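Colleague: Just one file: protein.txt, with compact mmCIF, C-alpha atoms.
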# COMPACT_ATOMS: atom_id res chain seq x y z
CA MET A 93 32.84 -15.43 -13.10
CA LYS A 94 30.34 -15.08 -15.95
CA ILE A 95 27.47 -15.06 -13.45
CA LYS A 96 29.09 -12.22 -11.50
CA THR A 97 29.65 -10.21 -14.67
CA LYS A 98 26.03 -10.66 -15.70
CA SER A 99 24.87 -9.69 -12.22
CA LYS A 100 26.96 -6.51 -12.36
CA LYS A 101 25.46 -5.67 -15.76
CA VAL A 102 21.94 -6.19 -14.43
CA ASN A 103 22.63 -4.07 -11.36
CA LYS A 104 24.18 -1.33 -13.48
CA ALA A 105 21.22 -1.37 -15.86
CA TRP A 106 18.75 -1.18 -12.94
CA LEU A 107 20.71 1.66 -11.34
CA ASN A 108 20.79 3.56 -14.63
CA ASP A 109 17.02 3.11 -15.09
CA HIS A 110 16.44 4.17 -11.47
CA ILE A 111 18.54 7.34 -11.70
CA ASN A 112 16.86 8.38 -14.95
CA ASP A 113 13.35 7.43 -13.79
CA PRO A 114 11.11 10.54 -13.95
CA TYR A 115 9.19 9.43 -10.86
CA VAL A 116 12.41 9.03 -8.88
CA LYS A 117 13.40 12.57 -9.87
CA LEU A 118 9.94 13.88 -9.02
CA ALA A 119 9.99 12.15 -5.61
CA GLN A 120 13.33 13.78 -4.82
CA LYS A 121 12.03 17.17 -5.93
CA GLU A 122 8.75 16.93 -3.98
CA GLY A 123 10.20 15.37 -0.84
CA TYR A 124 8.79 11.85 -1.06
CA ARG A 125 10.87 8.97 0.28
CA ALA A 126 10.07 6.73 -2.70
CA ARG A 127 8.55 6.88 -6.17
CA ALA A 128 5.74 4.64 -4.85
CA ALA A 129 3.95 7.78 -3.63
CA TYR A 130 2.87 8.43 -7.22
CA LYS A 131 1.21 5.02 -7.52
CA LEU A 132 -1.14 5.85 -4.66
CA LYS A 133 -1.54 9.43 -5.90
CA GLU A 134 -2.71 8.22 -9.31
CA ILE A 135 -5.15 5.70 -7.78
CA ASP A 136 -6.50 8.32 -5.37
CA GLU A 137 -6.91 10.98 -8.04
CA ALA A 138 -8.75 8.53 -10.29
CA LEU A 139 -11.19 7.37 -7.60
CA GLY A 140 -11.25 10.17 -5.00
CA LEU A 141 -10.64 7.87 -2.05
CA ILE A 142 -8.74 9.97 0.51
CA ARG A 143 -10.16 13.22 1.89
CA PRO A 144 -9.54 15.53 4.86
CA GLY A 145 -11.11 14.19 8.05
CA HIS A 146 -10.50 10.57 7.10
CA VAL A 147 -9.02 7.78 9.19
CA VAL A 148 -6.45 5.95 7.04
CA VAL A 149 -4.48 2.78 7.82
CA ASP A 150 -1.24 2.19 5.85
CA LEU A 151 -0.12 -1.45 5.88
CA GLY A 152 3.43 -2.22 4.75
CA SER A 153 4.25 1.46 5.14
CA THR A 154 8.07 1.56 5.18
CA PRO A 155 9.86 3.66 3.92
CA GLY A 156 6.81 5.90 4.29
CA ALA A 157 6.00 7.36 0.87
CA TRP A 158 2.34 6.33 1.01
CA SER A 159 1.95 7.76 4.53
CA GLN A 160 3.60 10.96 3.30
CA TYR A 161 1.08 11.20 0.46
CA VAL A 162 -1.87 10.53 2.80
CA ARG A 163 -0.52 13.08 5.27
CA ARG A 164 -0.52 15.75 2.56
CA ARG A 165 -4.05 14.79 1.48
CA LEU A 166 -5.30 15.23 5.05
CA SER A 167 -3.60 18.60 5.46
CA PRO A 168 -5.89 21.58 4.72
CA ALA A 169 -3.06 23.19 2.74
CA GLY A 170 -1.63 19.96 1.31
CA ALA A 171 1.51 20.51 3.37
CA ALA A 172 4.04 17.91 4.51
CA ALA A 173 3.97 19.37 8.04
CA GLY A 174 1.71 21.42 10.28
CA GLU A 175 -2.06 21.15 10.64
CA LEU A 176 -3.59 17.72 10.03
CA ASN A 177 -7.30 16.97 9.64
CA GLY A 178 -7.54 13.22 10.09
CA VAL A 179 -5.79 10.17 11.51
CA ILE A 180 -3.02 8.07 9.93
CA LEU A 181 -1.89 4.75 11.40
CA ALA A 182 1.04 3.02 9.70
CA LEU A 183 2.44 -0.46 10.26
CA ASP A 184 5.41 -2.36 8.91
CA LEU A 185 7.74 -5.21 9.81
CA LEU A 186 10.69 -2.87 9.20
CA PRO A 187 11.42 0.38 11.05
CA MET A 188 10.23 3.66 9.52
CA GLU A 189 11.61 7.15 10.02
CA PRO A 190 9.00 9.33 11.78
CA ILE A 191 6.51 11.37 9.74
CA GLU A 192 4.79 14.25 11.48
CA GLY A 193 1.20 13.32 12.38
CA VAL A 194 1.61 9.60 11.54
CA THR A 195 1.38 6.97 14.30
CA PHE A 196 3.75 4.14 13.38
CA LEU A 197 3.67 0.61 14.77
CA GLN A 198 6.46 -1.86 14.00
CA GLY A 199 5.54 -5.51 13.76
CA ASP A 200 4.40 -8.41 11.58
CA PHE A 201 0.80 -7.92 10.45
CA ARG A 202 0.41 -11.71 10.31
CA GLU A 203 0.87 -12.01 14.08
CA PRO A 204 -2.29 -11.65 16.23
CA PRO A 205 -0.60 -9.50 18.95
CA VAL A 206 0.52 -6.98 16.28
CA LEU A 207 -2.97 -6.85 14.80
CA ALA A 208 -4.35 -6.34 18.33
CA SER A 209 -1.95 -3.41 18.85
CA LEU A 210 -3.13 -1.82 15.59
CA GLU A 211 -6.76 -2.27 16.59
CA ALA A 212 -6.00 -0.76 20.02
CA ALA A 213 -4.40 2.27 18.32
CA LEU A 214 -7.62 2.80 16.36
CA ALA A 215 -9.35 3.32 19.73
CA GLY A 216 -12.75 2.43 18.33
CA ARG A 217 -12.50 4.71 15.28
CA ILE A 218 -14.05 3.47 12.04
CA VAL A 219 -11.61 3.45 9.09
CA ASP A 220 -12.28 5.30 5.81
CA VAL A 221 -9.44 3.85 3.74
CA VAL A 222 -6.97 0.98 4.14
CA VAL A 223 -3.95 1.09 1.84
CA SER A 224 -1.65 -1.91 1.62
CA ASP A 225 1.67 -2.02 -0.17
CA MET A 226 2.57 -5.22 1.70
CA ALA A 227 4.56 -7.79 -0.25
CA PRO A 228 6.35 -10.91 0.96
CA ASN A 229 9.98 -11.73 0.28
CA LEU A 230 9.69 -13.61 -2.99
CA SER A 231 11.42 -16.98 -3.32
CA GLY A 232 11.10 -17.38 -7.09
CA ILE A 233 8.93 -20.48 -6.61
CA GLU A 234 5.69 -19.31 -8.21
CA SER A 235 3.23 -21.43 -6.24
CA ALA A 236 4.83 -20.60 -2.88
CA ASP A 237 5.07 -16.88 -3.72
CA ALA A 238 1.44 -16.79 -4.88
CA ALA A 239 0.35 -18.34 -1.59
CA ARG A 240 2.33 -15.76 0.44
CA ILE A 241 0.94 -12.86 -1.59
CA SER A 242 -2.62 -14.17 -1.30
CA HIS A 243 -2.27 -14.60 2.45
CA LEU A 244 -1.29 -10.95 2.94
CA VAL A 245 -4.13 -9.75 0.71
CA GLU A 246 -6.61 -11.95 2.57
CA LEU A 247 -5.43 -10.52 5.91
CA ALA A 248 -5.86 -6.97 4.58
CA ILE A 249 -9.39 -7.87 3.43
CA GLU A 250 -10.24 -9.37 6.83
CA PHE A 251 -9.00 -6.25 8.59
CA SER A 252 -10.97 -4.06 6.18
CA LEU A 253 -14.19 -6.01 6.70
CA ALA A 254 -13.81 -5.59 10.46
CA HIS A 255 -12.98 -1.87 10.47
CA LEU A 256 -14.05 -0.07 7.27
CA LYS A 257 -17.03 2.25 7.02
CA PRO A 258 -19.85 0.98 4.73
CA GLU A 259 -18.54 3.23 1.91
CA GLY A 260 -14.85 2.68 2.81
CA ALA A 261 -12.13 1.43 0.48
CA LEU A 262 -9.19 -0.96 0.41
CA VAL A 263 -6.24 -0.46 -1.95
CA THR A 264 -3.87 -3.42 -2.06
CA LYS A 265 -0.89 -4.48 -4.14
CA VAL A 266 -1.15 -7.78 -6.02
CA PHE A 267 0.84 -9.43 -8.79
CA HIS A 268 -0.28 -10.81 -12.14
CA GLY A 269 0.35 -14.52 -12.38
CA SER A 270 -0.59 -17.51 -10.30
CA GLY A 271 -3.39 -16.71 -7.87
CA TYR A 272 -4.33 -13.33 -9.40
CA SER A 273 -7.74 -14.37 -10.77
CA GLN A 274 -8.65 -15.92 -7.40
CA LEU A 275 -7.85 -12.63 -5.64
CA VAL A 276 -10.01 -10.68 -8.11
CA LYS A 277 -12.82 -13.16 -7.41
CA LEU A 278 -12.35 -12.69 -3.65
CA PHE A 279 -12.50 -8.90 -4.04
CA LYS A 280 -15.70 -9.16 -6.08
CA GLU A 281 -17.24 -11.35 -3.39
CA THR A 282 -16.17 -8.87 -0.68
CA PHE A 283 -16.76 -5.38 -2.16
CA ARG A 284 -19.61 -3.78 -4.07
CA VAL A 285 -17.20 -2.04 -6.48
CA VAL A 286 -13.87 -3.54 -7.60
CA LYS A 287 -11.34 -1.77 -9.81
CA PRO A 288 -7.97 -3.19 -10.94
CA ILE A 289 -5.49 -0.36 -11.64
CA LYS A 290 -1.97 -0.41 -13.06
CA PRO A 291 -0.65 3.10 -12.32
CA LYS A 292 1.70 4.74 -14.80
CA ALA A 293 4.23 5.03 -11.94
CA SER A 294 4.34 1.23 -11.70
CA ARG A 295 7.26 0.03 -13.82
CA ASP A 296 6.26 -1.58 -17.13
CA LYS A 297 8.46 -4.61 -16.45
CA SER A 298 6.84 -5.21 -13.05
CA SER A 299 3.97 -7.68 -12.70
CA GLU A 300 2.55 -5.62 -9.84
CA THR A 301 -0.88 -4.09 -10.11
CA PHE A 302 -3.40 -2.84 -7.56
CA LEU A 303 -6.89 -3.95 -6.65
CA VAL A 304 -9.27 -1.38 -5.19
CA GLY A 305 -12.38 -2.53 -3.35
CA ILE A 306 -15.02 0.06 -2.40
CA GLY A 307 -17.98 -0.58 -0.11
CA PRO A 308 -17.49 -3.82 1.82
CA LYS A 309 -20.48 -6.12 1.52
CA ALA A 310 -22.24 -7.10 4.74
CA ARG A 311 -21.20 -10.50 5.98
CA ALA A 312 -23.78 -13.21 5.51
Render the structure in this file as structure tokens.

Modeller:
Amino acid sequence: MKIKTKSKKVNKAWLNDHINDPYVKLAQKEGYRARAAYKLKEIDEALGLIRPGHVVVDLGSTPGAWSQYVRRRLSPAGAAAGELNGVILALDLLPMEPIEGVTFLQGDFREPPVLASLEAALAGRIVDVVVSDMAPNLSGIESADAARISHLVELAIEFSLAHLKPEGALVTKVFHGSGYSQLVKLFKETFRVVKPIKPKASRDKSSETFLVGIGPKARA
């Protein structure tokens, strides 16, 4: 019974923090599906990654807040609907409610047929920016979780190397802890410019941070 009581307290505390979160309120006001939109917004505004005319791939897109942000960036008027100057492809294991102008594919990015479908949807277009908010279901076993996280990041890097323009960028979510330094090393080996960013919209208690790689190096 004590465990249940503690769990209820934790849930209540989280819910209270969530309701009073300024980014949650802002997302509701501005029509974003999740506060995560402001993480990508802060990264983009700091580095100027996403511009009208771009081809952008959103990995781990559900519920769609990052695709919504990209869609507004590619709109001449910054609008959530109407004219769109660019291409947005989104992919997630879970379903996603439609977003005007966004092509959504449902499937597991780790499976070759799903990757092939995404590549087919690109129809030969070169990608300007890949954004990845992919994260595995965490087990609480640090070594196993680190391996799962690293695998998803490595897949995003492989995809980026195959499809990004020479000056293109990859934004991917990672977590501080086991395996983090190895991922930073991998980014530095893969991209000419590497920037770790912890956006203000990322909760202080969260170990999540983001690695941005710009300008994939030519393969040896």

Colleague: Report as an NGL selection string all protein, DNA and RNA residues lying within 10 Å of A:Ser294, evaluated on only C-alpha atoms, omitting residues in the same chain fewer than 6 positions from it.

Modeller: :A and (115 or 127-128 or 130-131 or 300-302)

Colleague: My list of candidates is A:Gln160, A:Ser235, A:Ser153, A:Gln198. Which is closest to A:Gly269 when distances are computed with all atoms listed in the file?

Modeller: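 The closest residue to A:Gly269 is A:Ser235.
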
Colleague: So, counting all atoms listed in the file, which residue among A:Ala182, A:Leu275, A:Ile241, A:Val221 is closest to A:Val263?

Modeller: A:Val221

Colleague: Taking (-10.7, -6.4, -8.9) in the file's coordinates, which residues come within 9 Å, counting all atoms listed in the file, written as a list in words?

Modeller: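 Those residues lying close to the given coordinates are Ser273, Leu275, Val276, Lys277, Leu278, Phe279, Lys280, Val285, Val286, Lys287, Pro288, Ile289, Phe302, Leu303, Val304 and Gly305 of chain A.
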
Colleague: Between A:Asp220, A:Tyr161, A:Pro155, A:Gly232, which is the closest to A:Glu134 once you count only C-alpha atoms?

Modeller: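 For A:Glu134, the nearest of the candidates is A:Tyr161.
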
Colleague: Which residue gives the smallest distance to A:Ile191 among A:Val223, A:Ile306, A:Leu244, A:Leu176, with only C-alpha atoms counted?

Modeller: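 Distance minimum relative to A:Ile191 lands on A:Leu176.
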
Colleague: Which centre and edge lengths in Å to one decimal define the box along x, y and z that fits every listed atom of stretch 221-230 of chain A plus 5 Å per side, as lines of an AutoDock Vina configuration file?

Modeller:
center_x = 0.3
center_y = -4.9
center_z = 0.6
size_x = 29.4
size_y = 27.5
size_z = 17.1

Colleague: What is the atom CA of A:Leu230-atom CA of A:Leu181 distance in Å, reported with one decimal?

Modeller: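 We find that atom CA of A:Leu230 and atom CA of A:Leu181 lie 26.0 Å from each other.
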